[in-house]
$ cat data-v8.csv   # CSV, C-alpha atoms and all ligand atoms
chain,number,residue,atom,x,y,z
A,1,MET,CA,-54.3,-144.5,5.0
A,2,SER,CA,-52.9,-143.1,1.8
A,3,GLY,CA,-51.2,-139.8,0.9
A,4,ARG,CA,-49.2,-139.5,4.1
A,5,THR,CA,-46.3,-137.2,4.2
A,6,THR,CA,-42.8,-138.7,4.5
A,7,ALA,CA,-42.4,-137.0,7.8
A,8,LEU,CA,-44.9,-139.4,9.3
A,9,THR,CA,-43.3,-142.5,7.9
A,10,PRO,CA,-40.6,-143.9,10.3
A,11,PRO,CA,-37.2,-144.4,8.7
A,12,PRO,CA,-36.0,-148.0,8.2
A,13,GLU,CA,-33.6,-147.5,11.2
A,14,ALA,CA,-36.4,-146.6,13.6
A,15,GLY,CA,-37.1,-149.2,16.4
A,16,PRO,CA,-40.2,-150.5,18.0
A,17,PRO,CA,-41.5,-148.7,21.1
A,18,VAL,CA,-40.6,-150.1,24.5
A,19,ARG,CA,-43.0,-149.8,27.4
A,20,HIS,CA,-41.2,-148.4,30.4
A,21,PRO,CA,-41.1,-150.7,33.4
A,22,ASP,CA,-42.5,-147.9,35.6
A,23,ALA,CA,-45.4,-147.2,33.2
A,24,PRO,CA,-48.9,-147.2,34.8
A,25,ALA,CA,-50.6,-150.6,34.7
A,26,PRO,CA,-53.1,-151.3,31.9
A,27,GLY,CA,-56.5,-149.8,32.9
A,28,GLU,CA,-54.9,-147.3,35.4
A,29,LEU,CA,-56.4,-143.8,35.1
A,30,ILE,CA,-53.8,-141.2,34.1
A,31,GLY,CA,-54.6,-137.9,35.8
A,32,ALA,CA,-54.3,-134.5,34.2
A,33,HIS,CA,-50.7,-133.5,33.4
A,34,TYR,CA,-51.7,-129.8,34.1
A,35,GLU,CA,-54.8,-128.5,35.8
A,36,TYR,CA,-55.2,-125.8,33.2
A,37,CYS,CA,-54.6,-128.0,30.1
A,38,PHE,CA,-57.5,-127.4,27.6
A,39,GLY,CA,-57.4,-131.1,26.8
A,40,CYS,CA,-57.4,-132.7,30.2
A,41,GLY,CA,-57.3,-130.1,33.0
A,42,GLY,CA,-60.1,-130.0,35.5
A,43,GLY,CA,-59.6,-126.2,36.0
A,44,VAL,CA,-60.9,-125.3,32.5
A,45,PRO,CA,-64.7,-125.1,32.5
A,46,HIS,CA,-65.1,-125.4,28.7
A,47,GLY,CA,-62.1,-127.8,28.3
A,48,LEU,CA,-62.4,-131.3,26.9
A,49,HIS,CA,-61.7,-133.1,30.2
A,50,VAL,CA,-60.3,-136.0,28.3
A,51,GLU,CA,-59.9,-139.0,30.7
A,52,ALA,CA,-57.0,-141.2,29.7
A,53,ARG,CA,-56.1,-144.7,30.9
A,54,ALA,CA,-52.9,-146.7,30.3
A,55,GLY,CA,-53.4,-149.4,27.7
A,56,GLU,CA,-51.5,-152.6,26.8
A,57,GLY,CA,-48.0,-152.2,25.3
A,58,VAL,CA,-47.3,-148.6,24.5
A,59,SER,CA,-50.9,-147.5,24.1
A,60,ILE,CA,-53.5,-145.3,25.7
A,61,THR,CA,-57.3,-145.4,25.8
A,62,ALA,CA,-59.4,-142.3,26.6
A,63,GLU,CA,-62.9,-140.9,26.5
A,64,PHE,CA,-64.2,-137.5,25.6
A,65,ARG,CA,-67.8,-136.4,25.8
A,66,VAL,CA,-68.6,-133.6,23.3
A,67,LYS,CA,-70.3,-130.7,25.0
A,68,GLU,CA,-72.3,-127.7,23.7
A,69,ALA,CA,-69.2,-125.5,24.0
A,70,HIS,CA,-67.4,-127.8,21.5
A,71,GLN,CA,-69.8,-127.2,18.5
A,72,GLY,CA,-68.6,-126.1,15.1
A,73,ALA,CA,-71.9,-126.7,13.2
A,74,PRO,CA,-75.3,-126.9,15.0
A,75,GLY,CA,-75.2,-129.9,17.2
A,76,LEU,CA,-71.9,-131.2,15.8
A,77,ALA,CA,-68.4,-131.2,17.3
A,78,HIS,CA,-65.9,-128.7,15.8
A,79,GLY,CA,-63.1,-130.4,13.9
A,80,GLY,CA,-60.4,-128.6,15.8
A,81,VAL,CA,-61.8,-129.8,19.0
A,82,LEU,CA,-61.7,-133.4,17.7
A,83,ALA,CA,-58.1,-132.9,16.7
A,84,THR,CA,-57.4,-131.6,20.2
A,85,ALA,CA,-58.9,-134.8,21.7
A,86,LEU,CA,-56.7,-136.9,19.4
A,87,ASP,CA,-53.7,-134.7,20.3
A,88,GLU,CA,-54.3,-135.0,24.0
A,89,THR,CA,-54.6,-138.8,23.8
A,90,LEU,CA,-51.4,-139.0,21.8
A,91,GLY,CA,-49.7,-136.7,24.3
A,92,SER,CA,-50.5,-139.1,27.1
A,93,LEU,CA,-48.4,-141.8,25.4
A,94,GLY,CA,-45.4,-140.2,27.0
A,95,TRP,CA,-46.5,-141.8,30.3
A,96,MET,CA,-46.0,-145.2,28.7
A,97,LEU,CA,-42.4,-144.4,27.5
A,98,ARG,CA,-41.7,-142.1,30.6
A,99,VAL,CA,-40.7,-139.2,28.4
A,100,ILE,CA,-42.2,-135.8,27.9
A,101,ALA,CA,-43.1,-135.2,24.2
A,102,VAL,CA,-44.8,-132.4,22.3
A,103,THR,CA,-46.6,-132.5,19.0
A,104,GLY,CA,-44.4,-131.8,16.0
A,105,ARG,CA,-46.9,-132.9,13.3
A,106,LEU,CA,-50.5,-134.0,13.5
A,107,GLU,CA,-52.5,-135.2,10.4
A,108,THR,CA,-56.2,-135.8,11.0
A,109,ASP,CA,-58.8,-137.6,8.9
A,110,TYR,CA,-62.5,-136.9,9.6
A,111,LEU,CA,-64.7,-139.8,8.6
A,112,LEU,CA,-68.0,-139.3,10.4
A,113,PRO,CA,-69.6,-136.2,12.0
A,114,VAL,CA,-69.6,-136.4,15.8
A,115,PRO,CA,-72.8,-135.0,17.6
A,116,VAL,CA,-72.9,-133.1,20.8
A,117,ASP,CA,-73.3,-135.5,23.8
A,118,ALA,CA,-71.6,-138.3,21.9
A,119,VAL,CA,-68.7,-140.0,23.7
A,120,LEU,CA,-65.6,-140.2,21.6
A,121,HIS,CA,-63.7,-143.5,22.4
A,122,LEU,CA,-60.1,-142.8,21.8
A,123,ARG,CA,-57.1,-145.1,21.4
A,124,ALA,CA,-53.5,-144.1,20.7
A,125,GLU,CA,-50.4,-146.1,20.2
A,126,VAL,CA,-46.7,-145.6,19.4
A,127,THR,CA,-45.7,-147.4,16.3
A,128,ALA,CA,-42.0,-146.6,16.2
A,129,VAL,CA,-39.3,-144.5,17.9
A,130,HIS,CA,-36.2,-143.0,16.3
A,131,GLY,CA,-34.0,-140.8,18.6
A,132,ARG,CA,-36.3,-138.1,20.0
A,133,LYS,CA,-38.9,-138.8,17.3
A,134,ILE,CA,-42.0,-140.8,18.4
A,135,TYR,CA,-44.3,-142.0,15.6
A,136,CYS,CA,-47.8,-142.6,16.7
A,137,THR,CA,-51.4,-143.1,15.6
A,138,ALA,CA,-54.8,-142.5,17.1
A,139,THR,CA,-58.5,-143.3,16.4
A,140,GLY,CA,-61.7,-141.9,17.9
A,141,ARG,CA,-64.8,-144.1,17.6
A,142,ILE,CA,-68.4,-143.3,18.4
A,143,GLY,CA,-71.2,-145.5,19.6
A,144,GLY,CA,-68.8,-147.5,21.8
A,145,PRO,CA,-65.2,-148.6,22.0
A,146,GLU,CA,-65.7,-150.9,19.0
A,147,GLY,CA,-68.0,-148.5,17.1
A,148,PRO,CA,-67.2,-147.0,13.8
A,149,VAL,CA,-64.1,-144.8,13.4
A,150,ALA,CA,-65.1,-141.1,13.3
A,151,VAL,CA,-61.6,-139.5,13.4
A,152,HIS,CA,-58.1,-140.9,12.8
A,153,ALA,CA,-54.7,-139.3,13.2
A,154,GLU,CA,-51.1,-140.0,12.5
A,155,ALA,CA,-48.6,-137.9,14.4
A,156,LEU,CA,-45.0,-137.3,15.1
A,157,PHE,CA,-44.1,-136.3,18.7
A,158,ILE,CA,-40.7,-134.9,19.7
A,159,GLU,CA,-39.2,-135.7,23.1
A,160,VAL,CA,-38.3,-132.6,25.1
A,161,LYS,CA,-37.0,-131.9,28.6
A,162,VAL,CA,-38.9,-129.9,31.3
A,163,ASP,CA,-36.7,-126.9,30.3
A,164,HIS,CA,-38.7,-126.7,27.1
A,165,PHE,CA,-41.7,-125.5,29.2
A,166,ILE,CA,-39.7,-123.4,31.7
A,167,GLU,CA,-37.9,-121.5,28.9
A,168,ASN,CA,-40.9,-121.0,26.7
A,169,GLY,CA,-44.0,-120.7,29.0
A,170,ARG,CA,-45.4,-117.4,30.2
A,171,PRO,CA,-43.5,-116.6,33.4
A,172,ALA,CA,-46.6,-116.2,35.6
A,173,GLU,CA,-47.9,-119.8,34.9
A,174,ILE,CA,-44.4,-121.3,35.0
A,175,GLN,CA,-43.7,-119.7,38.5
A,176,ALA,CA,-47.1,-121.0,39.8
A,177,THR,CA,-46.4,-124.4,38.4
A,178,LEU,CA,-43.0,-124.7,39.9
A,179,ALA,CA,-44.4,-123.6,43.2
A,180,ASN,CA,-46.8,-126.6,43.1
A,181,PRO,CA,-45.0,-129.7,44.5
A,182,ASP,CA,-47.4,-132.1,42.8
A,183,GLN,CA,-46.8,-130.6,39.4
A,184,VAL,CA,-43.0,-130.6,39.9
A,185,LYS,CA,-43.2,-134.2,41.0
A,186,VAL,CA,-45.0,-135.2,37.8
A,187,ALA,CA,-42.5,-133.3,35.6
A,188,ARG,CA,-39.3,-134.5,37.3
A,189,ALA,CA,-40.5,-138.1,37.4
A,190,PHE,CA,-39.8,-138.2,33.7
A,191,GLU,CA,-36.3,-136.9,33.9
A,192,VAL,CA,-34.9,-139.1,36.7
A,193,ASN,CA,-36.2,-142.3,35.1
A,194,PRO,CA,-34.1,-142.8,31.9
B,201,LIG,C1,-42.8,-126.3,34.9
B,201,LIG,C2,-42.9,-127.3,33.7
B,201,LIG,C3,-44.0,-128.4,33.9
B,201,LIG,C4,-44.1,-129.2,32.7
B,201,LIG,C5,-45.2,-130.2,32.8
B,201,LIG,C6,-45.1,-131.2,31.6
B,201,LIG,C7,-46.4,-131.5,31.1
B,201,LIG,C8,-46.3,-132.5,29.9
B,201,LIG,C9,-46.8,-131.7,28.8
B,201,LIG,C10,-47.2,-132.7,27.7
B,201,LIG,C11,-48.1,-131.9,26.8
B,201,LIG,C12,-48.8,-132.7,25.8
B,201,LIG,C13,-50.1,-131.9,25.4
B,201,LIG,C14,-50.6,-132.5,24.1
B,201,LIG,C15,-49.7,-132.4,23.0
B,201,LIG,C16,-49.4,-130.8,22.6
B,201,LIG,O1,-50.4,-130.2,22.3
B,201,LIG,S1,-47.9,-130.2,22.7
B,201,LIG,C17,-48.1,-128.5,22.1
B,201,LIG,C18,-48.0,-128.4,20.7
B,201,LIG,N1,-46.6,-128.5,20.2
B,201,LIG,C19,-45.6,-127.6,20.4
B,201,LIG,O2,-45.9,-126.6,21.0
B,201,LIG,C20,-44.3,-127.9,19.8
B,201,LIG,C21,-43.7,-126.6,19.2
B,201,LIG,N2,-42.4,-127.0,18.5
B,201,LIG,C22,-41.3,-127.0,19.2
B,201,LIG,O3,-41.2,-126.6,20.3
B,201,LIG,C23,-40.1,-127.5,18.4
B,201,LIG,O4,-40.2,-127.4,17.0
B,201,LIG,C24,-39.8,-129.0,18.8
B,201,LIG,C25,-41.0,-129.9,18.4
B,201,LIG,C26,-39.5,-129.2,20.3
B,201,LIG,C27,-38.6,-129.5,17.9
B,201,LIG,O5,-37.5,-128.6,18.1
B,201,LIG,P1,-36.1,-129.1,18.5
B,201,LIG,O6,-36.1,-129.6,19.9
B,201,LIG,O7,-35.1,-128.0,18.2
B,201,LIG,O8,-35.8,-130.3,17.6
B,201,LIG,P2,-35.2,-130.4,16.1
B,201,LIG,O9,-33.7,-130.7,16.3
B,201,LIG,O10,-35.7,-129.3,15.3
B,201,LIG,O11,-35.9,-131.7,15.6
B,201,LIG,C28,-35.7,-133.0,16.1
B,201,LIG,C29,-36.1,-134.0,15.1
B,201,LIG,O12,-37.5,-133.9,14.9
B,201,LIG,C30,-37.8,-133.6,13.6
B,201,LIG,N3,-38.9,-132.6,13.6
B,201,LIG,C31,-39.1,-131.6,14.4
B,201,LIG,N4,-40.3,-130.9,14.2
B,201,LIG,C32,-40.9,-131.6,13.2
B,201,LIG,C33,-42.1,-131.5,12.5
B,201,LIG,N5,-42.9,-130.5,12.8
B,201,LIG,N6,-42.4,-132.4,11.5
B,201,LIG,C34,-41.5,-133.4,11.2
B,201,LIG,N7,-40.3,-133.6,11.8
B,201,LIG,C35,-40.0,-132.7,12.8
B,201,LIG,C36,-36.6,-132.9,13.0
B,201,LIG,O13,-36.5,-133.1,11.6
B,201,LIG,C37,-35.5,-133.7,13.7
B,201,LIG,O14,-35.3,-135.0,13.1
B,201,LIG,P3,-33.8,-135.6,13.0
B,201,LIG,O15,-32.9,-134.6,12.3
B,201,LIG,O16,-33.4,-136.0,14.4
B,201,LIG,O17,-34.1,-136.9,12.1
$ encode --input "data-v8.csv" --output "structure tokens" --more "lines below"
Ligand SMILES: CCCCCCCCCCCCCCCC(=O)SCCNC(=O)CCNC(=O)[C@H](O)C(C)(C)COP(=O)(O)OP(=O)(O)OC[C@H]1O[C@@H](n2cnc3c(N)ncnc32)[C@H](O)[C@@H]1OP(=O)(O)O
Amino acid sequence: MSGRTTALTPPPEAGPPVRHPDAPAPGELIGAHYEYCFGCGGGVPHGLHVEARAGEGVSITAEFRVKEAHQGAPGLAHGGVLATALDETLGSLGWMLRVIAVTGRLETDYLLPVPVDAVLHLRAEVTAVHGRKIYCTATGRIGGPEGPVAVHAEALFIEVKVDHFIENGRPAEIQATLANPDQVKVARAFEVNP
């Protein structure tokens, strides 16, 4: 892709991504990181319900079926929703590195309109890592995993600690989350495994 900003180009001193030894095996389903996440949570009726799986190397595959609630134009997915699907898939790459990372920058190209009921076949991979900066890319294809590319993104994710959420989230949700042993287990797993 041309015309990318320098912020999305890894510096020469950036290194290749390294799959963490405890990363889920290729093909393993990665559950939602938060029940009320708009991208992956089962507790959000109109959410995207993106289902992600560990891929080879430092990559993720995922699927998202476009529903009526996701329209922008009649019968077509909203561009922001498609960006969310890409963002969600990219966010799952943290499982492969065993770090928590948030989106710093996300650039999206829209190449084909995506109809309601279509399944978007997503693939994301980390291309380089420099300190806390994770350079990554994602595609969404329609018509099958090898179908034409409908959306493409380049992104920069920034590694954060669990405190990022505790310090910035609305207290009601943070308290509820910290009271949920399963959620705390997910979050702390990333911190005790360097
Ligand atoms: C109870 C808890 C349970 C928790 C359970 C966990 C669940 C696991 C959740 C995962 C969730 C994923 C879900 C999907 C992905 C989202 O949707 S994430 C949500 C959207 N993103 C955000 O909200 C991020 C908002 N931004 C921020 O909070 C802060 O700006 C950031 C990104 C943390 C960076 O701030 P900072 O830590 O102060 O870092 P800073 O020193 O400014 O920058 C570090 C480096 O990154 C570069 N950088 C920072 N921002 C940018 C940018 N926008 N563009 C270019 N470069 C940048 C800086 O230039 C710097 O580079 P170097 O100088 O090192 O070369």
$ residues_near_ligand --input "data-v8.csv" --ligand "ligand LIG 201 (chain B)" --cutoff "8 Å" --atoms "only C-alpha atoms and all ligand atoms" --output "PyMOL selection string"
chain A and resi 7-8+33-34+37+39+84+87-92+94+100-105+130-133+156-160+162-166+174-175+177-178+183-184+186-187
$ atom_distance --input "data-v8.csv" --atom1 "CA of Trp95 (chain A)" --atom2 "CA of Asn180 (chain A)"
19.9 Å
$ residues_around --input "data-v8.csv" --residues "Ala118 (chain A)" --least-positions-apart "4" --cutoff "10 Å" --atoms "only C-alpha atoms" --output "number ranges by chain"
A: 64-67, 76-77, 114, 141-144
$ closest_residue --input "data-v8.csv" --among "A:Leu106, A:Ala176, A:Ala52, A:Ile60" --to "Glu154 (chain A)" --atoms "all atoms listed in the file"
A:Leu106
$ residues_around --input "data-v8.csv" --residues "Glu56 (chain A)" --least-positions-apart "3" --cutoff "9 Å" --atoms "only C-alpha atoms" --output "ChimeraX atom specification"
/A:19,25-27,59-60
$ atom_distance --input "data-v8.csv" --atom1 "CA of Thr5 (chain A)" --atom2 "CA of Val58 (chain A)"
23.3 Å
$ atom_distance --input "data-v8.csv" --atom1 "CA of Gly55 (chain A)" --atom2 "CA of Thr9 (chain A)"
23.3 Å
$ residues_around --input "data-v8.csv" --residues "Ala83 (chain A)" --least-positions-apart "4" --cutoff "10 Å" --atoms "only C-alpha atoms" --output "list in words"
His78, Gly79, Asp87, Glu88, Thr89, Leu106, Glu107, Thr108, Asp109, Tyr110, Gly140, Val151, His152 and Ala153 of chain A
$ build_atoms --input "data-v8.csv" --residues "region 155-174 of chain A" --atoms "N, CA and C atoms" --output "compact mmCIF listing (two decimals), in the frame of the given file"
# COMPACT_ATOMS: atom_id res chain seq x y z
N ALA A 155 -49.29 -139.04 13.74
CA ALA A 155 -48.60 -137.90 14.40
C ALA A 155 -47.12 -138.24 14.59
N LEU A 156 -46.36 -137.16 14.70
CA LEU A 156 -45.00 -137.30 15.10
C LEU A 156 -44.78 -136.38 16.32
N PHE A 157 -44.44 -136.99 17.44
CA PHE A 157 -44.10 -136.30 18.70
C PHE A 157 -42.63 -136.20 18.83
N ILE A 158 -42.16 -135.13 19.46
CA ILE A 158 -40.70 -134.90 19.70
C ILE A 158 -40.47 -134.87 21.18
N GLU A 159 -39.54 -135.70 21.64
CA GLU A 159 -39.20 -135.70 23.10
C GLU A 159 -38.53 -134.39 23.45
N VAL A 160 -38.95 -133.83 24.60
CA VAL A 160 -38.30 -132.60 25.10
C VAL A 160 -38.06 -132.81 26.63
N LYS A 161 -37.28 -131.91 27.19
CA LYS A 161 -37.00 -131.90 28.60
C LYS A 161 -37.95 -130.85 29.29
N VAL A 162 -38.01 -130.88 30.61
CA VAL A 162 -38.90 -129.90 31.30
C VAL A 162 -38.47 -128.48 30.99
N ASP A 163 -37.18 -128.28 30.69
CA ASP A 163 -36.70 -126.90 30.30
C ASP A 163 -37.46 -126.34 29.14
N HIS A 164 -37.96 -127.21 28.27
CA HIS A 164 -38.70 -126.70 27.10
C HIS A 164 -39.88 -125.83 27.58
N PHE A 165 -40.54 -126.24 28.68
CA PHE A 165 -41.70 -125.50 29.20
C PHE A 165 -41.20 -124.28 29.99
N ILE A 166 -40.15 -124.50 30.80
CA ILE A 166 -39.70 -123.40 31.70
C ILE A 166 -39.15 -122.25 30.81
N GLU A 167 -38.49 -122.59 29.70
CA GLU A 167 -37.90 -121.50 28.90
C GLU A 167 -38.93 -120.84 27.97
N ASN A 168 -40.00 -121.54 27.65
CA ASN A 168 -40.90 -121.00 26.70
C ASN A 168 -42.28 -120.53 27.23
N GLY A 169 -42.66 -121.03 28.40
CA GLY A 169 -44.00 -120.70 29.00
C GLY A 169 -44.01 -119.28 29.51
N ARG A 170 -45.23 -118.73 29.62
CA ARG A 170 -45.40 -117.40 30.20
C ARG A 170 -44.94 -117.46 31.66
N PRO A 171 -44.10 -116.52 32.10
CA PRO A 171 -43.50 -116.60 33.40
C PRO A 171 -44.53 -116.80 34.56
N ALA A 172 -45.68 -116.14 34.50
CA ALA A 172 -46.60 -116.20 35.60
C ALA A 172 -47.07 -117.67 35.84
N GLU A 173 -47.40 -118.38 34.74
CA GLU A 173 -47.90 -119.80 34.90
C GLU A 173 -46.70 -120.69 35.26
N ILE A 174 -45.53 -120.43 34.72
CA ILE A 174 -44.40 -121.30 35.00
C ILE A 174 -44.06 -121.17 36.53
